[in-house]
file entry17.cif (mmCIF, N, CA and C atoms)
data_data
#
loop_
_atom_site.label_atom_id
_atom_site.label_comp_id
_atom_site.auth_asym_id
_atom_site.auth_seq_id
_atom_site.Cartn_x
_atom_site.Cartn_y
_atom_site.Cartn_z
N MET A 14 3.42 -8.12 -13.24
CA MET A 14 4.17 -9.13 -12.51
C MET A 14 4.71 -8.49 -11.24
N LYS A 15 4.68 -9.25 -10.16
CA LYS A 15 5.16 -8.71 -8.89
C LYS A 15 6.14 -9.71 -8.28
N LEU A 16 7.41 -9.54 -8.61
CA LEU A 16 8.46 -10.39 -8.06
C LEU A 16 8.97 -9.82 -6.76
N PRO A 17 9.50 -10.66 -5.89
CA PRO A 17 10.06 -10.13 -4.64
C PRO A 17 11.30 -9.30 -4.92
N VAL A 18 11.55 -8.34 -4.06
CA VAL A 18 12.77 -7.54 -4.15
C VAL A 18 13.90 -8.37 -3.53
N LEU A 19 14.91 -8.66 -4.34
CA LEU A 19 16.07 -9.40 -3.86
C LEU A 19 17.13 -8.38 -3.44
N GLU A 20 17.58 -8.50 -2.20
CA GLU A 20 18.54 -7.54 -1.67
C GLU A 20 19.89 -8.22 -1.41
N THR A 21 20.92 -7.39 -1.42
CA THR A 21 22.23 -7.84 -0.98
C THR A 21 22.82 -6.76 -0.09
N ARG A 22 23.61 -7.19 0.86
CA ARG A 22 24.23 -6.27 1.81
C ARG A 22 25.71 -6.13 1.46
N ILE A 23 26.14 -4.90 1.25
CA ILE A 23 27.52 -4.62 0.90
C ILE A 23 28.16 -3.92 2.09
N ASP A 24 28.97 -4.67 2.84
CA ASP A 24 29.64 -4.13 4.02
C ASP A 24 30.88 -3.37 3.56
N CYS A 25 31.04 -2.18 4.05
CA CYS A 25 32.13 -1.31 3.62
C CYS A 25 33.40 -1.48 4.46
N ALA A 26 33.52 -2.59 5.16
CA ALA A 26 34.72 -2.84 5.98
C ALA A 26 35.99 -2.84 5.14
N ASP A 27 35.90 -3.33 3.91
CA ASP A 27 37.09 -3.41 3.05
C ASP A 27 37.68 -2.04 2.74
N ILE A 28 36.91 -0.99 2.87
CA ILE A 28 37.44 0.35 2.61
C ILE A 28 37.53 1.19 3.89
N GLY A 29 37.51 0.51 5.03
CA GLY A 29 37.75 1.19 6.30
C GLY A 29 36.54 1.61 7.09
N TYR A 30 35.35 1.14 6.70
CA TYR A 30 34.13 1.50 7.41
C TYR A 30 33.37 0.25 7.84
N PRO A 31 33.93 -0.52 8.78
CA PRO A 31 33.26 -1.75 9.20
C PRO A 31 31.88 -1.46 9.80
N GLY A 32 30.92 -2.24 9.37
CA GLY A 32 29.56 -2.09 9.87
C GLY A 32 28.71 -1.13 9.07
N LEU A 33 29.33 -0.28 8.27
CA LEU A 33 28.56 0.59 7.38
C LEU A 33 28.16 -0.28 6.19
N VAL A 34 26.87 -0.38 5.96
CA VAL A 34 26.35 -1.32 4.96
C VAL A 34 25.47 -0.60 3.96
N LEU A 35 25.76 -0.82 2.69
CA LEU A 35 24.87 -0.40 1.62
C LEU A 35 23.97 -1.59 1.29
N VAL A 36 22.68 -1.38 1.28
CA VAL A 36 21.75 -2.44 0.91
C VAL A 36 21.29 -2.15 -0.51
N ALA A 37 21.57 -3.11 -1.39
CA ALA A 37 21.30 -2.92 -2.82
C ALA A 37 20.21 -3.86 -3.30
N TRP A 38 19.56 -3.46 -4.35
CA TRP A 38 18.48 -4.21 -4.97
C TRP A 38 19.09 -5.01 -6.11
N LEU A 39 19.09 -6.34 -5.98
CA LEU A 39 19.73 -7.21 -6.97
C LEU A 39 18.92 -7.36 -8.26
N ASN A 40 17.62 -7.23 -8.18
CA ASN A 40 16.78 -7.41 -9.37
C ASN A 40 15.93 -6.17 -9.65
N PRO A 41 16.59 -5.01 -9.81
CA PRO A 41 15.79 -3.79 -10.00
C PRO A 41 15.05 -3.81 -11.33
N THR A 42 13.95 -3.11 -11.33
CA THR A 42 13.23 -2.91 -12.56
C THR A 42 14.03 -1.91 -13.38
N VAL A 43 14.39 -2.31 -14.56
CA VAL A 43 15.20 -1.44 -15.41
C VAL A 43 14.30 -0.77 -16.43
N THR A 44 14.38 0.52 -16.46
CA THR A 44 13.62 1.27 -17.45
C THR A 44 14.60 2.12 -18.26
N ASP A 45 14.23 2.39 -19.45
CA ASP A 45 15.06 3.19 -20.33
C ASP A 45 14.36 4.51 -20.64
N ASP A 46 13.46 4.90 -19.75
CA ASP A 46 12.65 6.07 -20.05
C ASP A 46 13.05 7.31 -19.25
N TRP A 47 14.26 7.32 -18.69
CA TRP A 47 14.68 8.49 -17.92
C TRP A 47 14.84 9.69 -18.83
N ARG A 48 14.22 10.76 -18.46
CA ARG A 48 14.35 12.02 -19.18
C ARG A 48 14.50 13.13 -18.13
N PRO A 49 15.39 14.06 -18.37
CA PRO A 49 15.52 15.16 -17.40
C PRO A 49 14.27 16.03 -17.41
N PRO A 50 13.83 16.46 -16.24
CA PRO A 50 12.67 17.35 -16.21
C PRO A 50 13.04 18.73 -16.77
N GLU A 51 12.04 19.51 -17.09
CA GLU A 51 12.29 20.85 -17.64
C GLU A 51 13.05 21.71 -16.64
N VAL A 52 12.64 21.67 -15.39
CA VAL A 52 13.35 22.39 -14.34
C VAL A 52 14.18 21.36 -13.59
N ARG A 53 15.48 21.41 -13.81
CA ARG A 53 16.37 20.37 -13.27
C ARG A 53 16.89 20.74 -11.89
N GLN A 54 17.02 19.68 -11.09
CA GLN A 54 17.67 19.76 -9.79
C GLN A 54 19.03 19.07 -9.93
N PRO A 55 19.93 19.26 -8.99
CA PRO A 55 21.25 18.63 -9.11
C PRO A 55 21.21 17.11 -9.22
N TRP A 56 20.18 16.47 -8.69
CA TRP A 56 20.08 15.01 -8.70
C TRP A 56 19.39 14.48 -9.97
N ASP A 57 18.98 15.37 -10.83
CA ASP A 57 18.30 14.96 -12.07
C ASP A 57 19.32 14.60 -13.14
N THR A 58 20.05 13.52 -12.88
CA THR A 58 21.06 13.02 -13.83
C THR A 58 20.93 11.50 -13.92
N PRO A 59 21.39 10.91 -14.99
CA PRO A 59 21.37 9.44 -15.07
C PRO A 59 22.18 8.79 -13.94
N TYR A 60 23.26 9.43 -13.51
CA TYR A 60 24.09 8.88 -12.43
C TYR A 60 23.28 8.70 -11.14
N TYR A 61 22.62 9.76 -10.71
CA TYR A 61 21.84 9.67 -9.47
C TYR A 61 20.58 8.82 -9.64
N ALA A 62 20.02 8.82 -10.85
CA ALA A 62 18.88 7.93 -11.11
C ALA A 62 19.32 6.47 -10.93
N GLY A 63 20.52 6.13 -11.43
CA GLY A 63 21.05 4.78 -11.28
C GLY A 63 21.32 4.43 -9.82
N LEU A 64 21.94 5.37 -9.08
CA LEU A 64 22.20 5.11 -7.66
C LEU A 64 20.88 4.91 -6.90
N GLY A 65 19.90 5.74 -7.22
CA GLY A 65 18.60 5.64 -6.55
C GLY A 65 17.89 4.34 -6.83
N ARG A 66 18.09 3.80 -8.02
CA ARG A 66 17.48 2.51 -8.36
C ARG A 66 18.26 1.36 -7.73
N MET A 67 19.57 1.50 -7.65
CA MET A 67 20.44 0.43 -7.18
C MET A 67 20.40 0.25 -5.66
N PHE A 68 20.52 1.35 -4.93
CA PHE A 68 20.65 1.27 -3.47
C PHE A 68 19.34 1.60 -2.77
N LEU A 69 18.93 0.71 -1.88
CA LEU A 69 17.68 0.88 -1.14
C LEU A 69 17.87 1.69 0.14
N ARG A 70 19.00 1.45 0.81
CA ARG A 70 19.26 2.15 2.08
C ARG A 70 20.73 1.99 2.45
N VAL A 71 21.15 2.80 3.40
CA VAL A 71 22.48 2.67 3.98
C VAL A 71 22.30 2.54 5.49
N GLU A 72 22.98 1.56 6.06
CA GLU A 72 22.91 1.32 7.49
C GLU A 72 24.21 1.82 8.10
N ILE A 73 24.09 2.78 9.00
CA ILE A 73 25.25 3.44 9.58
C ILE A 73 25.36 3.05 11.04
N PRO A 74 26.51 2.45 11.44
CA PRO A 74 26.67 2.08 12.84
C PRO A 74 26.86 3.33 13.71
N ALA A 75 26.58 3.19 14.98
CA ALA A 75 26.64 4.31 15.92
C ALA A 75 27.96 5.05 15.87
N GLU A 76 29.06 4.32 15.71
CA GLU A 76 30.37 4.99 15.72
C GLU A 76 30.57 5.95 14.55
N PHE A 77 29.79 5.81 13.49
CA PHE A 77 29.92 6.70 12.33
C PHE A 77 28.77 7.70 12.22
N SER A 78 27.84 7.67 13.13
CA SER A 78 26.67 8.55 13.02
C SER A 78 26.83 9.79 13.90
N ASP A 79 26.20 10.86 13.48
CA ASP A 79 26.22 12.10 14.27
C ASP A 79 25.47 11.95 15.58
N SER A 80 24.45 11.10 15.59
CA SER A 80 23.62 10.94 16.78
C SER A 80 24.25 10.01 17.82
N GLY A 81 25.26 9.24 17.40
CA GLY A 81 25.86 8.25 18.31
C GLY A 81 25.01 6.99 18.42
N LYS A 82 24.00 6.86 17.56
CA LYS A 82 23.14 5.69 17.53
C LYS A 82 23.17 5.09 16.14
N ASP A 83 22.85 3.80 16.04
CA ASP A 83 22.72 3.19 14.73
C ASP A 83 21.64 3.93 13.95
N GLU A 84 21.88 4.14 12.67
CA GLU A 84 20.91 4.83 11.83
C GLU A 84 20.71 4.07 10.53
N VAL A 85 19.53 4.19 9.99
CA VAL A 85 19.22 3.64 8.67
C VAL A 85 18.69 4.80 7.84
N LEU A 86 19.40 5.09 6.75
CA LEU A 86 18.98 6.17 5.85
C LEU A 86 18.39 5.56 4.59
N PRO A 87 17.15 5.86 4.30
CA PRO A 87 16.56 5.33 3.07
C PRO A 87 17.20 5.98 1.85
N LEU A 88 17.42 5.19 0.84
CA LEU A 88 17.88 5.70 -0.44
C LEU A 88 16.73 5.43 -1.40
N GLY A 89 16.96 4.84 -2.54
CA GLY A 89 15.86 4.46 -3.42
C GLY A 89 15.33 5.57 -4.30
N SER A 90 15.98 6.73 -4.26
CA SER A 90 15.59 7.82 -5.17
C SER A 90 16.84 8.61 -5.54
N PRO A 91 16.81 9.25 -6.68
CA PRO A 91 17.96 10.07 -7.06
C PRO A 91 18.26 11.17 -6.03
N GLN A 92 17.22 11.81 -5.52
CA GLN A 92 17.42 12.89 -4.56
C GLN A 92 18.07 12.37 -3.28
N ALA A 93 17.63 11.22 -2.78
CA ALA A 93 18.21 10.67 -1.55
C ALA A 93 19.67 10.31 -1.75
N ALA A 94 20.01 9.74 -2.91
CA ALA A 94 21.41 9.40 -3.20
C ALA A 94 22.26 10.66 -3.27
N TYR A 95 21.75 11.68 -3.93
CA TYR A 95 22.47 12.95 -4.03
C TYR A 95 22.70 13.57 -2.65
N GLU A 96 21.63 13.62 -1.85
CA GLU A 96 21.73 14.24 -0.52
C GLU A 96 22.70 13.48 0.38
N LEU A 97 22.71 12.16 0.29
CA LEU A 97 23.69 11.38 1.07
C LEU A 97 25.10 11.71 0.61
N GLU A 98 25.32 11.68 -0.69
CA GLU A 98 26.66 11.93 -1.22
C GLU A 98 27.16 13.33 -0.86
N GLN A 99 26.27 14.29 -0.79
CA GLN A 99 26.64 15.67 -0.51
C GLN A 99 26.65 16.00 0.98
N SER A 100 26.21 15.08 1.83
CA SER A 100 26.12 15.39 3.26
C SER A 100 27.49 15.57 3.88
N ASN A 101 27.55 16.46 4.85
CA ASN A 101 28.79 16.79 5.54
C ASN A 101 29.39 15.56 6.20
N GLY A 102 30.63 15.27 5.89
CA GLY A 102 31.32 14.17 6.52
C GLY A 102 31.20 12.83 5.80
N PHE A 103 30.36 12.75 4.77
CA PHE A 103 30.20 11.48 4.05
C PHE A 103 31.31 11.33 3.02
N ASP A 104 31.93 10.17 2.99
CA ASP A 104 32.98 9.87 2.02
C ASP A 104 32.31 9.47 0.71
N GLN A 105 32.41 10.33 -0.29
CA GLN A 105 31.71 10.10 -1.56
C GLN A 105 32.17 8.83 -2.26
N SER A 106 33.38 8.38 -1.95
CA SER A 106 33.88 7.18 -2.62
C SER A 106 33.14 5.92 -2.17
N ILE A 107 32.39 6.01 -1.07
CA ILE A 107 31.63 4.85 -0.60
C ILE A 107 30.64 4.39 -1.67
N LEU A 108 29.93 5.34 -2.27
CA LEU A 108 28.95 4.98 -3.30
C LEU A 108 29.63 4.47 -4.56
N VAL A 109 30.73 5.08 -4.94
CA VAL A 109 31.45 4.62 -6.13
C VAL A 109 31.96 3.20 -5.91
N TRP A 110 32.56 2.96 -4.75
CA TRP A 110 33.04 1.62 -4.40
C TRP A 110 31.87 0.65 -4.32
N GLY A 111 30.76 1.10 -3.74
CA GLY A 111 29.57 0.26 -3.61
C GLY A 111 29.03 -0.18 -4.95
N VAL A 112 29.07 0.70 -5.94
CA VAL A 112 28.62 0.35 -7.29
C VAL A 112 29.49 -0.78 -7.85
N SER A 113 30.79 -0.66 -7.65
CA SER A 113 31.72 -1.70 -8.12
C SER A 113 31.43 -3.04 -7.46
N ARG A 114 31.25 -3.03 -6.14
CA ARG A 114 30.93 -4.27 -5.41
C ARG A 114 29.59 -4.83 -5.85
N TYR A 115 28.62 -3.96 -6.05
CA TYR A 115 27.29 -4.37 -6.49
C TYR A 115 27.39 -5.14 -7.81
N ARG A 116 28.14 -4.59 -8.74
CA ARG A 116 28.30 -5.25 -10.04
C ARG A 116 28.94 -6.62 -9.89
N LYS A 117 29.92 -6.74 -9.01
CA LYS A 117 30.57 -8.04 -8.80
C LYS A 117 29.60 -9.05 -8.19
N VAL A 118 28.79 -8.61 -7.23
CA VAL A 118 27.81 -9.49 -6.60
C VAL A 118 26.76 -9.94 -7.62
N ARG A 119 26.26 -9.01 -8.42
CA ARG A 119 25.27 -9.36 -9.45
C ARG A 119 25.87 -10.30 -10.48
N ASP A 120 27.10 -10.02 -10.93
CA ASP A 120 27.75 -10.89 -11.91
C ASP A 120 27.92 -12.30 -11.35
N ALA A 121 28.35 -12.40 -10.08
CA ALA A 121 28.54 -13.72 -9.46
C ALA A 121 27.21 -14.45 -9.34
N ARG A 122 26.15 -13.73 -9.00
CA ARG A 122 24.82 -14.34 -8.90
C ARG A 122 24.39 -14.92 -10.24
N PHE A 123 24.55 -14.14 -11.31
CA PHE A 123 24.15 -14.63 -12.63
C PHE A 123 25.04 -15.79 -13.08
N LYS A 124 26.31 -15.73 -12.80
CA LYS A 124 27.23 -16.81 -13.17
C LYS A 124 26.85 -18.09 -12.44
N ASP A 125 26.56 -17.97 -11.14
CA ASP A 125 26.14 -19.14 -10.36
C ASP A 125 24.85 -19.74 -10.92
N GLU A 126 23.90 -18.87 -11.24
CA GLU A 126 22.62 -19.37 -11.73
C GLU A 126 22.75 -20.01 -13.10
N LEU A 127 23.61 -19.46 -13.93
CA LEU A 127 23.82 -20.06 -15.26
C LEU A 127 24.52 -21.41 -15.15
N GLY A 128 25.31 -21.58 -14.10
CA GLY A 128 26.01 -22.84 -13.90
C GLY A 128 25.12 -23.95 -13.36
N ASN A 129 23.96 -23.61 -12.84
CA ASN A 129 23.04 -24.61 -12.28
C ASN A 129 22.16 -25.20 -13.32
#

call {"tool": "encode", "arguments": {"input": "entry17.cif", "output": "structure tokens"}}
result
Amino acid sequence: MKLPVLETRIDCADIGYPGLVLVAWLNPTVTDDWRPPEVRQPWDTPYYAGLGRMFLRVEIPAEFSDSGKDEVLPLGSPQAAYELEQSNGFDQSILVWGVSRYRKVRDARFKDELGN
């Protein structure tokens, strides 16, 4: 089955970063087959696997970027989520807050659909 990827945009203005947007996948394929590899990297954890599945990209406005230009950083993998979280100057609470907002958006979507 090949369903479209449903996305939602989570603007981080509420936590002081207007224009910084986490783009999340609303209907991710959920698998229960995550296993740590024999040789583990720091991102080889269920936490980063979840972030990598949940977030597709982060859109950074020029005022928050090192280059002074708008940037789009792809996520979508545990390693990319880890590297973003560990990058110099990145507020790690953005991803934690983003997970909370993501859950609220998904819950509201399901509640709305069940009400129809």

call {"tool": "residues_near_point", "arguments": {"input": "entry17.cif", "point": "(17.4, -3.8, -7.1)", "cutoff": "12 Å", "atoms": "only C-alpha atoms", "output": "PyMOL selection string"}}
result
chain A and resi 16-22+35-43+63-70+88-90+112+115-116+118-119

call {"tool": "write_last_selection", "arguments": {"input": "entry17.cif", "atoms": "N, CA and C atoms", "output": "mmCIF file, in the frame of the given file"}}
result
data_model
loop_
_atom_site.group_PDB
_atom_site.id
_atom_site.type_symbol
_atom_site.label_atom_id
_atom_site.label_comp_id
_atom_site.auth_asym_id
_atom_site.auth_seq_id
_atom_site.Cartn_x
_atom_site.Cartn_y
_atom_site.Cartn_z
ATOM 1 N N LEU A 16 7.410 -9.540 -8.610
ATOM 2 C CA LEU A 16 8.460 -10.390 -8.060
ATOM 3 C C LEU A 16 8.970 -9.820 -6.760
ATOM 4 N N PRO A 17 9.500 -10.660 -5.890
ATOM 5 C CA PRO A 17 10.060 -10.130 -4.640
ATOM 6 C C PRO A 17 11.300 -9.300 -4.920
ATOM 7 N N VAL A 18 11.550 -8.340 -4.060
ATOM 8 C CA VAL A 18 12.770 -7.540 -4.150
ATOM 9 C C VAL A 18 13.900 -8.370 -3.530
ATOM 10 N N LEU A 19 14.910 -8.660 -4.340
ATOM 11 C CA LEU A 19 16.070 -9.400 -3.860
ATOM 12 C C LEU A 19 17.130 -8.380 -3.440
ATOM 13 N N GLU A 20 17.580 -8.500 -2.200
ATOM 14 C CA GLU A 20 18.540 -7.540 -1.670
ATOM 15 C C GLU A 20 19.890 -8.220 -1.410
ATOM 16 N N THR A 21 20.920 -7.390 -1.420
ATOM 17 C CA THR A 21 22.230 -7.840 -0.980
ATOM 18 C C THR A 21 22.820 -6.760 -0.090
ATOM 19 N N ARG A 22 23.610 -7.190 0.860
ATOM 20 C CA ARG A 22 24.230 -6.270 1.810
ATOM 21 C C ARG A 22 25.710 -6.130 1.460
ATOM 22 N N LEU A 35 25.760 -0.820 2.690
ATOM 23 C CA LEU A 35 24.870 -0.400 1.620
ATOM 24 C C LEU A 35 23.970 -1.590 1.290
ATOM 25 N N VAL A 36 22.680 -1.380 1.280
ATOM 26 C CA VAL A 36 21.750 -2.440 0.910
ATOM 27 C C VAL A 36 21.290 -2.150 -0.510
ATOM 28 N N ALA A 37 21.570 -3.110 -1.390
ATOM 29 C CA ALA A 37 21.300 -2.920 -2.820
ATOM 30 C C ALA A 37 20.210 -3.860 -3.300
ATOM 31 N N TRP A 38 19.560 -3.460 -4.350
ATOM 32 C CA TRP A 38 18.480 -4.210 -4.970
ATOM 33 C C TRP A 38 19.090 -5.010 -6.110
ATOM 34 N N LEU A 39 19.090 -6.340 -5.980
ATOM 35 C CA LEU A 39 19.730 -7.210 -6.970
ATOM 36 C C LEU A 39 18.920 -7.360 -8.260
ATOM 37 N N ASN A 40 17.620 -7.230 -8.180
ATOM 38 C CA ASN A 40 16.780 -7.410 -9.370
ATOM 39 C C ASN A 40 15.930 -6.170 -9.650
ATOM 40 N N PRO A 41 16.590 -5.010 -9.810
ATOM 41 C CA PRO A 41 15.790 -3.790 -10.000
ATOM 42 C C PRO A 41 15.050 -3.810 -11.330
ATOM 43 N N THR A 42 13.950 -3.110 -11.330
ATOM 44 C CA THR A 42 13.230 -2.910 -12.560
ATOM 45 C C THR A 42 14.030 -1.910 -13.380
ATOM 46 N N VAL A 43 14.390 -2.310 -14.560
ATOM 47 C CA VAL A 43 15.200 -1.440 -15.410
ATOM 48 C C VAL A 43 14.300 -0.770 -16.430
ATOM 49 N N GLY A 63 20.520 6.130 -11.430
ATOM 50 C CA GLY A 63 21.050 4.780 -11.280
ATOM 51 C C GLY A 63 21.320 4.430 -9.820
ATOM 52 N N LEU A 64 21.940 5.370 -9.080
ATOM 53 C CA LEU A 64 22.200 5.110 -7.660
ATOM 54 C C LEU A 64 20.880 4.910 -6.900
ATOM 55 N N GLY A 65 19.900 5.740 -7.220
ATOM 56 C CA GLY A 65 18.600 5.640 -6.550
ATOM 57 C C GLY A 65 17.890 4.340 -6.830
ATOM 58 N N ARG A 66 18.090 3.800 -8.020
ATOM 59 C CA ARG A 66 17.480 2.510 -8.360
ATOM 60 C C ARG A 66 18.260 1.360 -7.730
ATOM 61 N N MET A 67 19.570 1.500 -7.650
ATOM 62 C CA MET A 67 20.440 0.430 -7.180
ATOM 63 C C MET A 67 20.400 0.250 -5.660
ATOM 64 N N PHE A 68 20.520 1.350 -4.930
ATOM 65 C CA PHE A 68 20.650 1.270 -3.470
ATOM 66 C C PHE A 68 19.340 1.600 -2.770
ATOM 67 N N LEU A 69 18.930 0.710 -1.880
ATOM 68 C CA LEU A 69 17.680 0.880 -1.140
ATOM 69 C C LEU A 69 17.870 1.690 0.140
ATOM 70 N N ARG A 70 19.000 1.450 0.810
ATOM 71 C CA ARG A 70 19.260 2.150 2.080
ATOM 72 C C ARG A 70 20.730 1.990 2.450
ATOM 73 N N LEU A 88 17.420 5.190 0.840
ATOM 74 C CA LEU A 88 17.880 5.700 -0.440
ATOM 75 C C LEU A 88 16.730 5.430 -1.400
ATOM 76 N N GLY A 89 16.960 4.840 -2.540
ATOM 77 C CA GLY A 89 15.860 4.460 -3.420
ATOM 78 C C GLY A 89 15.330 5.570 -4.300
ATOM 79 N N SER A 90 15.980 6.730 -4.260
ATOM 80 C CA SER A 90 15.590 7.820 -5.170
ATOM 81 C C SER A 90 16.840 8.610 -5.540
ATOM 82 N N VAL A 112 29.070 0.700 -5.940
ATOM 83 C CA VAL A 112 28.620 0.350 -7.290
ATOM 84 C C VAL A 112 29.490 -0.780 -7.850
ATOM 85 N N TYR A 115 28.620 -3.960 -6.050
ATOM 86 C CA TYR A 115 27.290 -4.370 -6.490
ATOM 87 C C TYR A 115 27.390 -5.140 -7.810
ATOM 88 N N ARG A 116 28.140 -4.590 -8.740
ATOM 89 C CA ARG A 116 28.300 -5.250 -10.040
ATOM 90 C C ARG A 116 28.940 -6.620 -9.890
ATOM 91 N N VAL A 118 28.790 -8.610 -7.230
ATOM 92 C CA VAL A 118 27.810 -9.490 -6.600
ATOM 93 C C VAL A 118 26.760 -9.940 -7.620
ATOM 94 N N ARG A 119 26.260 -9.010 -8.420
ATOM 95 C CA ARG A 119 25.270 -9.360 -9.450
ATOM 96 C C ARG A 119 25.870 -10.300 -10.480
#

call {"tool": "axis_aligned_box", "arguments": {"input": "entry17.cif", "around": "segment 106-115 of chain A", "padding_each_side": "5 Å", "output": "lines of an AutoDock Vina configuration file"}}
result
center_x = 30.6
center_y = 1.6
center_z = -4.4
size_x = 16.6
size_y = 23.5
size_z = 17.5

call {"tool": "residues_near_point", "arguments": {"input": "entry17.cif", "point": "(26.7, 2.2, 11.1)", "cutoff": "6 Å", "atoms": "only N, CA and C atoms", "output": "PyMOL selection string"}}
result
chain A and resi 32-34+72-78+83-84

call {"tool": "atom_distance", "arguments": {"input": "entry17.cif", "atom1": "atom CA of Arg48 of chain A", "atom2": "atom CA of Tyr95 of chain A"}}
result
17.2 Å

call {"tool": "atom_distance", "arguments": {"input": "entry17.cif", "atom1": "atom CA of Trp56 of chain A", "atom2": "atom CA of Val109 of chain A"}}
result
15.6 Å

call {"tool": "atom_distance", "arguments": {"input": "entry17.cif", "atom1": "atom CA of Val71 of chain A", "atom2": "atom CA of Ala121 of chain A"}}
result
22.0 Å

call {"tool": "closest_residue", "arguments": {"input": "entry17.cif", "among": "A:Asp79, A:Tyr60, A:Arg53, A:Phe123", "to": "Phe103 of chain A", "atoms": "only C-alpha atoms"}}
result
A:Asp79

call {"tool": "closest_residue", "arguments": {"input": "entry17.cif", "among": "A:Lys15, A:Tyr61, A:Ala94, A:Cys25", "to": "Ser113 of chain A", "atoms": "only C-alpha atoms"}}
result
A:Cys25

call {"tool": "select_by_dssp", "arguments": {"input": "entry17.cif", "residues": "segment 52-121 of chain A", "states": "strand (DSSP E)", "output": "PyMOL selection string"}}
result
chain A and resi 68-73+84-87

call {"tool": "write_last_selection", "arguments": {"input": "entry17.cif", "atoms": "N, CA and C atoms", "output": "compact mmCIF listing (two decimals), in the frame of the given file"}}
result
# COMPACT_ATOMS: atom_id res chain seq x y z
N PHE A 68 20.52 1.35 -4.93
CA PHE A 68 20.65 1.27 -3.47
C PHE A 68 19.34 1.60 -2.77
N LEU A 69 18.93 0.71 -1.88
CA LEU A 69 17.68 0.88 -1.14
C LEU A 69 17.87 1.69 0.14
N ARG A 70 19.00 1.45 0.81
CA ARG A 70 19.26 2.15 2.08
C ARG A 70 20.73 1.99 2.45
N VAL A 71 21.15 2.80 3.40
CA VAL A 71 22.48 2.67 3.98
C VAL A 71 22.30 2.54 5.49
N GLU A 72 22.98 1.56 6.06
CA GLU A 72 22.91 1.32 7.49
C GLU A 72 24.21 1.82 8.10
N ILE A 73 24.09 2.78 9.00
CA ILE A 73 25.25 3.44 9.58
C ILE A 73 25.36 3.05 11.04
N GLU A 84 21.88 4.14 12.67
CA GLU A 84 20.91 4.83 11.83
C GLU A 84 20.71 4.07 10.53
N VAL A 85 19.53 4.19 9.99
CA VAL A 85 19.22 3.64 8.67
C VAL A 85 18.69 4.80 7.84
N LEU A 86 19.40 5.09 6.75
CA LEU A 86 18.98 6.17 5.85
C LEU A 86 18.39 5.56 4.59
N PRO A 87 17.15 5.86 4.30
CA PRO A 87 16.56 5.33 3.07
C PRO A 87 17.20 5.98 1.85

call {"tool": "decode", "arguments": {"input": "entry17.cif", "residues": "segment 20-34 of chain A", "atoms": "N, CA and C atoms", "output": "PDB file, in the first residue's frame"}}
result
ATOM      1  N   GLU A  20       1.686  15.634   6.265  1.00  0.00           N
ATOM      2  CA  GLU A  20       2.611  16.433   7.057  1.00  0.00           C
ATOM      3  C   GLU A  20       1.861  17.482   7.870  1.00  0.00           C
ATOM      4  N   THR A  21       2.499  17.897   8.953  1.00  0.00           N
ATOM      5  CA  THR A  21       2.019  19.043   9.705  1.00  0.00           C
ATOM      6  C   THR A  21       3.219  19.912  10.041  1.00  0.00           C
ATOM      7  N   ARG A  22       2.974  21.193  10.119  1.00  0.00           N
ATOM      8  CA  ARG A  22       4.027  22.154  10.414  1.00  0.00           C
ATOM      9  C   ARG A  22       3.863  22.638  11.851  1.00  0.00           C
ATOM     10  N   ILE A  23       4.911  22.497  12.633  1.00  0.00           N
ATOM     11  CA  ILE A  23       4.895  22.905  14.030  1.00  0.00           C
ATOM     12  C   ILE A  23       5.805  24.117  14.164  1.00  0.00           C
ATOM     13  N   ASP A  24       5.192  25.296  14.269  1.00  0.00           N
ATOM     14  CA  ASP A  24       5.947  26.539  14.396  1.00  0.00           C
ATOM     15  C   ASP A  24       6.371  26.706  15.849  1.00  0.00           C
ATOM     16  N   CYS A  25       7.617  26.994  16.057  1.00  0.00           N
ATOM     17  CA  CYS A  25       8.177  27.084  17.404  1.00  0.00           C
ATOM     18  C   CYS A  25       8.083  28.488  18.002  1.00  0.00           C
ATOM     19  N   ALA A  26       7.208  29.318  17.469  1.00  0.00           N
ATOM     20  CA  ALA A  26       7.041  30.679  17.992  1.00  0.00           C
ATOM     21  C   ALA A  26       6.632  30.669  19.460  1.00  0.00           C
ATOM     22  N   ASP A  27       5.827  29.689  19.857  1.00  0.00           N
ATOM     23  CA  ASP A  27       5.353  29.638  21.245  1.00  0.00           C
ATOM     24  C   ASP A  27       6.481  29.476  22.254  1.00  0.00           C
ATOM     25  N   ILE A  28       7.622  28.988  21.824  1.00  0.00           N
ATOM     26  CA  ILE A  28       8.748  28.837  22.747  1.00  0.00           C
ATOM     27  C   ILE A  28       9.890  29.797  22.415  1.00  0.00           C
ATOM     28  N   GLY A  29       9.571  30.847  21.663  1.00  0.00           N
ATOM     29  CA  GLY A  29      10.540  31.906  21.418  1.00  0.00           C
ATOM     30  C   GLY A  29      11.329  31.834  20.135  1.00  0.00           C
ATOM     31  N   TYR A  30      10.932  30.954  19.217  1.00  0.00           N
ATOM     32  CA  TYR A  30      11.645  30.812  17.950  1.00  0.00           C
ATOM     33  C   TYR A  30      10.679  30.974  16.780  1.00  0.00           C
ATOM     34  N   PRO A  31      10.139  32.178  16.579  1.00  0.00           N
ATOM     35  CA  PRO A  31       9.178  32.366  15.489  1.00  0.00           C
ATOM     36  C   PRO A  31       9.808  32.069  14.130  1.00  0.00           C
ATOM     37  N   GLY A  32       9.077  31.330  13.338  1.00  0.00           N
ATOM     38  CA  GLY A  32       9.547  30.981  12.002  1.00  0.00           C
ATOM     39  C   GLY A  32      10.345  29.699  11.937  1.00  0.00           C
ATOM     40  N   LEU A  33      10.851  29.231  13.073  1.00  0.00           N
ATOM     41  CA  LEU A  33      11.528  27.936  13.092  1.00  0.00           C
ATOM     42  C   LEU A  33      10.425  26.885  13.112  1.00  0.00           C
ATOM     43  N   VAL A  34      10.432  26.013  12.130  1.00  0.00           N
ATOM     44  CA  VAL A  34       9.333  25.071  11.942  1.00  0.00           C
ATOM     45  C   VAL A  34       9.855  23.644  11.888  1.00  0.00           C
TER      46      VAL A  34
END
